[in-house]
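Engineer: Mind looking over this structure? Questions follow.
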Amino acid sequence: MASRRFAVKALDWAAFAERIPPNQRGMFNALKTRSDAIAAKLSSLPESPPAVDWSYYRSTVAKAGLVDEFEKKFKALQIPAPVDTETSAINAQEVKANADATAYVESSKARVAEYEKELEKFNNMIPFDQMTIEDLNKVFPETKLDMVKYPYWPHKPIADL
C-alpha cells in the first residue's frame, strides 16, 4: 500500500491578517489556531502507517486460515487518492471574478471622472446666498419654471411634483 503525505500549501498568515477587517479578527484567530493544531497533528504522525504483525495474529487467532485470508485482502487493498474535480471550476470562477472586478474598476474610474467634473462645477459656481434666480436657472437648468407653457402656479405639470 503506497502511503503518501499530501503537502499542505503554506499560507502567508501575516499577509492574510492584513486583509481581515477588525470585526472578523476573532474568527481569523480561531481559524489560525485550528489550522496550526491540525498542522501539528499531521506533522506528528509517521510517514507510513505501522506494519501489521501477522505472525502475532496467526499465533493468537484460533481459526486456521482466517489471518491468512485477512492478510491477503489487506495487501490487495488499494485506497485511491482523491481526484481533484473542483480546481478547474474554481479557476474559471477566479478568471470571471477578475474580469468583473476589472470592469467594475474601469466603470468606477469613469464615474469618478464624472463626479470630479460635477465637483469642479460646484466649486466654481457662485455661492447660493449670493445667487439670483437667473443664476440658479443658469447653473441648474432643471429648476427653471416654464411660465409660458404652464401659466399657473406651480408652473410645472402636476405629475412632475
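By order of appearance in the C-alpha cells: chains A, B, ..., then residues from 1 within every chain, and ligands from 1 in the order shown.
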Taking 4 positions as the minimum chain separation for residues in the same chain, which residues sit within 12 Å of Phe28 of chain A when counting only C-alpha atoms? Answer as a short mmCIF file (atom, residue, chain, number, x, y, z; two decimals) with N, CA, C and O atoms, in the first residue's frame.
Structural biologist:
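File produced: around.cif:
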data_model
loop_
_atom_site.label_atom_id
_atom_site.label_comp_id
_atom_site.auth_asym_id
_atom_site.auth_seq_id
_atom_site.Cartn_x
_atom_site.Cartn_y
_atom_site.Cartn_z
N TRP A 13 0.36 33.97 6.69
CA TRP A 13 -0.63 34.42 7.66
C TRP A 13 -0.55 35.91 7.89
O TRP A 13 -1.57 36.57 8.17
N ALA A 14 0.64 36.51 7.79
CA ALA A 14 0.78 37.94 8.02
C ALA A 14 0.05 38.72 6.92
O ALA A 14 -0.68 39.68 7.20
N PHE A 16 -2.34 37.54 5.07
CA PHE A 16 -3.76 37.21 5.24
C PHE A 16 -4.37 38.09 6.33
O PHE A 16 -5.48 38.60 6.18
N ALA A 17 -3.64 38.29 7.42
CA ALA A 17 -4.15 39.07 8.56
C ALA A 17 -4.35 40.53 8.19
O ALA A 17 -5.24 41.19 8.73
N GLU A 18 -3.55 41.05 7.25
CA GLU A 18 -3.69 42.45 6.85
C GLU A 18 -5.03 42.70 6.15
O GLU A 18 -5.54 43.81 6.17
N ARG A 19 -5.58 41.67 5.51
CA ARG A 19 -6.80 41.83 4.74
C ARG A 19 -8.07 41.55 5.55
O ARG A 19 -9.17 41.66 5.03
N ILE A 20 -7.90 41.19 6.81
CA ILE A 20 -9.05 40.85 7.66
C ILE A 20 -9.60 42.12 8.31
O ILE A 20 -8.85 42.87 8.94
N PRO A 21 -10.91 42.37 8.17
CA PRO A 21 -11.48 43.54 8.84
C PRO A 21 -11.46 43.36 10.37
O PRO A 21 -11.46 42.22 10.86
N PRO A 22 -11.44 44.44 11.10
CA PRO A 22 -11.33 44.34 12.57
C PRO A 22 -12.47 43.56 13.21
O PRO A 22 -12.26 42.86 14.19
N ASN A 23 -13.67 43.62 12.63
CA ASN A 23 -14.80 42.92 13.25
C ASN A 23 -14.73 41.40 13.04
O ASN A 23 -15.48 40.67 13.66
N GLN A 24 -13.82 40.92 12.17
CA GLN A 24 -13.68 39.49 11.94
C GLN A 24 -12.35 38.95 12.46
O GLN A 24 -11.96 37.83 12.14
N LYS A 32 -6.75 30.42 12.46
CA LYS A 32 -5.30 30.20 12.51
C LYS A 32 -4.95 29.19 13.59
O LYS A 32 -4.12 28.29 13.38
N THR A 33 -5.59 29.29 14.75
CA THR A 33 -5.33 28.34 15.83
C THR A 33 -5.70 26.93 15.41
O THR A 33 -4.94 25.98 15.62
N ARG A 34 -6.86 26.79 14.79
CA ARG A 34 -7.33 25.47 14.32
C ARG A 34 -6.39 24.92 13.25
O ARG A 34 -6.03 23.74 13.27
N SER A 35 -5.96 25.77 12.33
CA SER A 35 -5.05 25.35 11.27
C SER A 35 -3.71 24.91 11.85
O SER A 35 -3.14 23.88 11.43
#
Engineer: Measure the distance from atom CA of Lys72 of chain A to atom CA of Val52 of chain A in Å and round it to one decimal.
Structural biologist: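 Atom CA of Val52 of chain A lies at a distance of 12.3 Å from atom CA of Lys72 of chain A.
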Engineer: With only C-alpha atoms counted and 12 Å as the cut-off, give the residues of segment 58-88 of chain A in contact with segment 93-103 of chain A, each with its shortest interatomic distance in Å and the pair that gives it, as a tab-separated table.
Structural biologist:
residue	atom	partner	partner_atom	distance
A:Glu86	CA	A:Gln93	CA	10.6
A:Thr87	CA	A:Gln93	CA	9.7
A:Ser88	CA	A:Gln93	CA	8.6
Engineer: Go ahead and dump the residues you just picked, N, CA and C atoms, as a CSV table (one decimal), in the first residue's frame.
Structural biologist:
chain,number,residue,atom,x,y,z
A,86,GLU,N,-12.5,20.0,-8.6
A,86,GLU,CA,-13.1,21.4,-8.4
A,86,GLU,C,-12.1,22.5,-8.8
A,87,THR,N,-10.8,22.2,-9.0
A,87,THR,CA,-9.8,23.2,-9.3
A,87,THR,C,-10.2,24.0,-10.6
A,88,SER,N,-10.6,23.2,-11.6
A,88,SER,CA,-10.9,23.9,-12.9
A,88,SER,C,-12.1,24.8,-12.8
Engineer: I want to know what sits within 12 Å of Trp54 of chain A, based on only C-alpha atoms, with residues of the same chain fewer than 2 positions away left out; could you give that as a PDB file with N, CA, C and O atoms, in the first residue's frame?
Structural biologist:
ATOM      1  N   ALA A  51       3.563  -1.311  10.474  1.00  0.00           N
ATOM      2  CA  ALA A  51       3.315  -2.596   9.817  1.00  0.00           C
ATOM      3  C   ALA A  51       2.506  -3.516  10.738  1.00  0.00           C
ATOM      4  O   ALA A  51       2.662  -3.485  11.965  1.00  0.00           O
ATOM      5  N   VAL A  52       1.645  -4.293  10.134  1.00  0.00           N
ATOM      6  CA  VAL A  52       0.820  -5.232  10.899  1.00  0.00           C
ATOM      7  C   VAL A  52       1.655  -6.481  11.178  1.00  0.00           C
ATOM      8  O   VAL A  52       2.275  -7.050  10.274  1.00  0.00           O
ATOM      9  N   TYR A  56       1.896 -12.529  14.935  1.00  0.00           N
ATOM     10  CA  TYR A  56       1.252 -12.448  16.243  1.00  0.00           C
ATOM     11  C   TYR A  56      -0.213 -12.874  16.133  1.00  0.00           C
ATOM     12  O   TYR A  56      -0.717 -13.639  16.964  1.00  0.00           O
ATOM     13  N   TYR A  57      -0.902 -12.393  15.099  1.00  0.00           N
ATOM     14  CA  TYR A  57      -2.310 -12.748  14.936  1.00  0.00           C
ATOM     15  C   TYR A  57      -2.484 -14.235  14.591  1.00  0.00           C
ATOM     16  O   TYR A  57      -3.458 -14.865  14.999  1.00  0.00           O
ATOM     17  N   ARG A  58      -1.531 -14.791  13.814  1.00  0.00           N
ATOM     18  CA  ARG A  58      -1.609 -16.228  13.491  1.00  0.00           C
ATOM     19  C   ARG A  58      -1.510 -17.073  14.765  1.00  0.00           C
ATOM     20  O   ARG A  58      -2.179 -18.098  14.894  1.00  0.00           O
ATOM     21  N   SER A  59      -0.643 -16.639  15.700  1.00  0.00           N
ATOM     22  CA  SER A  59      -0.478 -17.407  16.938  1.00  0.00           C
ATOM     23  C   SER A  59      -1.638 -17.185  17.914  1.00  0.00           C
ATOM     24  O   SER A  59      -1.898 -18.022  18.765  1.00  0.00           O
ATOM     25  N   THR A  60      -2.355 -16.056  17.775  1.00  0.00           N
ATOM     26  CA  THR A  60      -3.428 -15.722  18.714  1.00  0.00           C
ATOM     27  C   THR A  60      -4.799 -16.208  18.245  1.00  0.00           C
ATOM     28  O   THR A  60      -5.590 -16.709  19.053  1.00  0.00           O
ATOM     29  N   VAL A  61      -5.090 -16.071  16.957  1.00  0.00           N
ATOM     30  CA  VAL A  61      -6.412 -16.430  16.434  1.00  0.00           C
ATOM     31  C   VAL A  61      -6.470 -17.948  16.278  1.00  0.00           C
ATOM     32  O   VAL A  61      -5.592 -18.571  15.692  1.00  0.00           O
ATOM     33  N   GLY A  65      -6.352 -20.228   8.890  1.00  0.00           N
ATOM     34  CA  GLY A  65      -6.600 -19.648   7.581  1.00  0.00           C
ATOM     35  C   GLY A  65      -7.270 -18.287   7.618  1.00  0.00           C
ATOM     36  O   GLY A  65      -7.279 -17.570   6.615  1.00  0.00           O
ATOM     37  N   LEU A  66      -7.851 -17.905   8.742  1.00  0.00           N
ATOM     38  CA  LEU A  66      -8.555 -16.620   8.830  1.00  0.00           C
ATOM     39  C   LEU A  66      -7.574 -15.457   8.720  1.00  0.00           C
ATOM     40  O   LEU A  66      -7.808 -14.492   7.984  1.00  0.00           O
ATOM     41  N   VAL A  67      -6.443 -15.558   9.415  1.00  0.00           N
ATOM     42  CA  VAL A  67      -5.452 -14.482   9.383  1.00  0.00           C
ATOM     43  C   VAL A  67      -4.820 -14.395   8.002  1.00  0.00           C
ATOM     44  O   VAL A  67      -4.584 -13.294   7.481  1.00  0.00           O
ATOM     45  N   ASP A  68      -4.575 -15.551   7.362  1.00  0.00           N
ATOM     46  CA  ASP A  68      -4.008 -15.542   6.006  1.00  0.00           C
ATOM     47  C   ASP A  68      -4.967 -14.869   5.022  1.00  0.00           C
ATOM     48  O   ASP A  68      -4.541 -14.107   4.141  1.00  0.00           O
ATOM     49  N   GLU A  69      -6.250 -15.125   5.205  1.00  0.00           N
ATOM     50  CA  GLU A  69      -7.257 -14.502   4.330  1.00  0.00           C
ATOM     51  C   GLU A  69      -7.281 -12.978   4.542  1.00  0.00           C
ATOM     52  O   GLU A  69      -7.311 -12.214   3.577  1.00  0.00           O
ATOM     53  N   PHE A  70      -7.233 -12.549   5.822  1.00  0.00           N
ATOM     54  CA  PHE A  70      -7.210 -11.116   6.115  1.00  0.00           C
ATOM     55  C   PHE A  70      -5.941 -10.460   5.571  1.00  0.00           C
ATOM     56  O   PHE A  70      -5.979  -9.351   5.041  1.00  0.00           O
ATOM     57  N   GLU A  71      -4.813 -11.153   5.705  1.00  0.00           N
ATOM     58  CA  GLU A  71      -3.551 -10.602   5.210  1.00  0.00           C
ATOM     59  C   GLU A  71      -3.594 -10.434   3.694  1.00  0.00           C
ATOM     60  O   GLU A  71      -3.163  -9.411   3.154  1.00  0.00           O
ATOM     61  N   LYS A  72      -4.128 -11.415   3.005  1.00  0.00           N
ATOM     62  CA  LYS A  72      -4.231 -11.353   1.541  1.00  0.00           C
ATOM     63  C   LYS A  72      -5.138 -10.184   1.125  1.00  0.00           C
ATOM     64  O   LYS A  72      -4.799  -9.407   0.234  1.00  0.00           O
ATOM     65  N   PHE A  74      -5.844  -7.552   2.946  1.00  0.00           N
ATOM     66  CA  PHE A  74      -5.230  -6.293   3.367  1.00  0.00           C
ATOM     67  C   PHE A  74      -4.187  -5.832   2.358  1.00  0.00           C
ATOM     68  O   PHE A  74      -4.101  -4.651   2.021  1.00  0.00           O
ATOM     69  N   LYS A  75      -3.364  -6.772   1.855  1.00  0.00           N
ATOM     70  CA  LYS A  75      -2.332  -6.414   0.876  1.00  0.00           C
ATOM     71  C   LYS A  75      -2.929  -6.058  -0.476  1.00  0.00           C
ATOM     72  O   LYS A  75      -2.354  -5.278  -1.230  1.00  0.00           O
TER      73      LYS A  75
END
Engineer: Just the helix (DSSP H, G or I) stuff from chain A, please, per backbone DSSP, written as number ranges by chain.
Structural biologist: A: 13-18, 22-44, 54-60, 66-76, 87-124, 128-130, 133-139, 141-143, 158-160
Engineer: So that I can see what lies close to Asp160 of chain A, please list as a JSON list (two decimals) with C-alpha atoms, in the first residue's frame the residues with an atom at most 12 Å from it, counting only C-alpha atoms and leaving out residues fewer than 4 positions away in the same chain.
Structural biologist:
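So selection.json came out as:
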[["chain", "number", "residue", "atom", "x", "y", "z"],
["A", 142, "GLU", "CA", -33.92, 71.83, -14.36],
["A", 143, "THR", "CA", -35.09, 74.44, -11.82],
["A", 145, "LEU", "CA", -40.06, 77.27, -14.48],
["A", 154, "PRO", "CA", -46.65, 75.75, -9.69],
["A", 155, "HIS", "CA", -45.65, 76.30, -13.38],
["A", 156, "LYS", "CA", -44.94, 72.57, -13.79]]
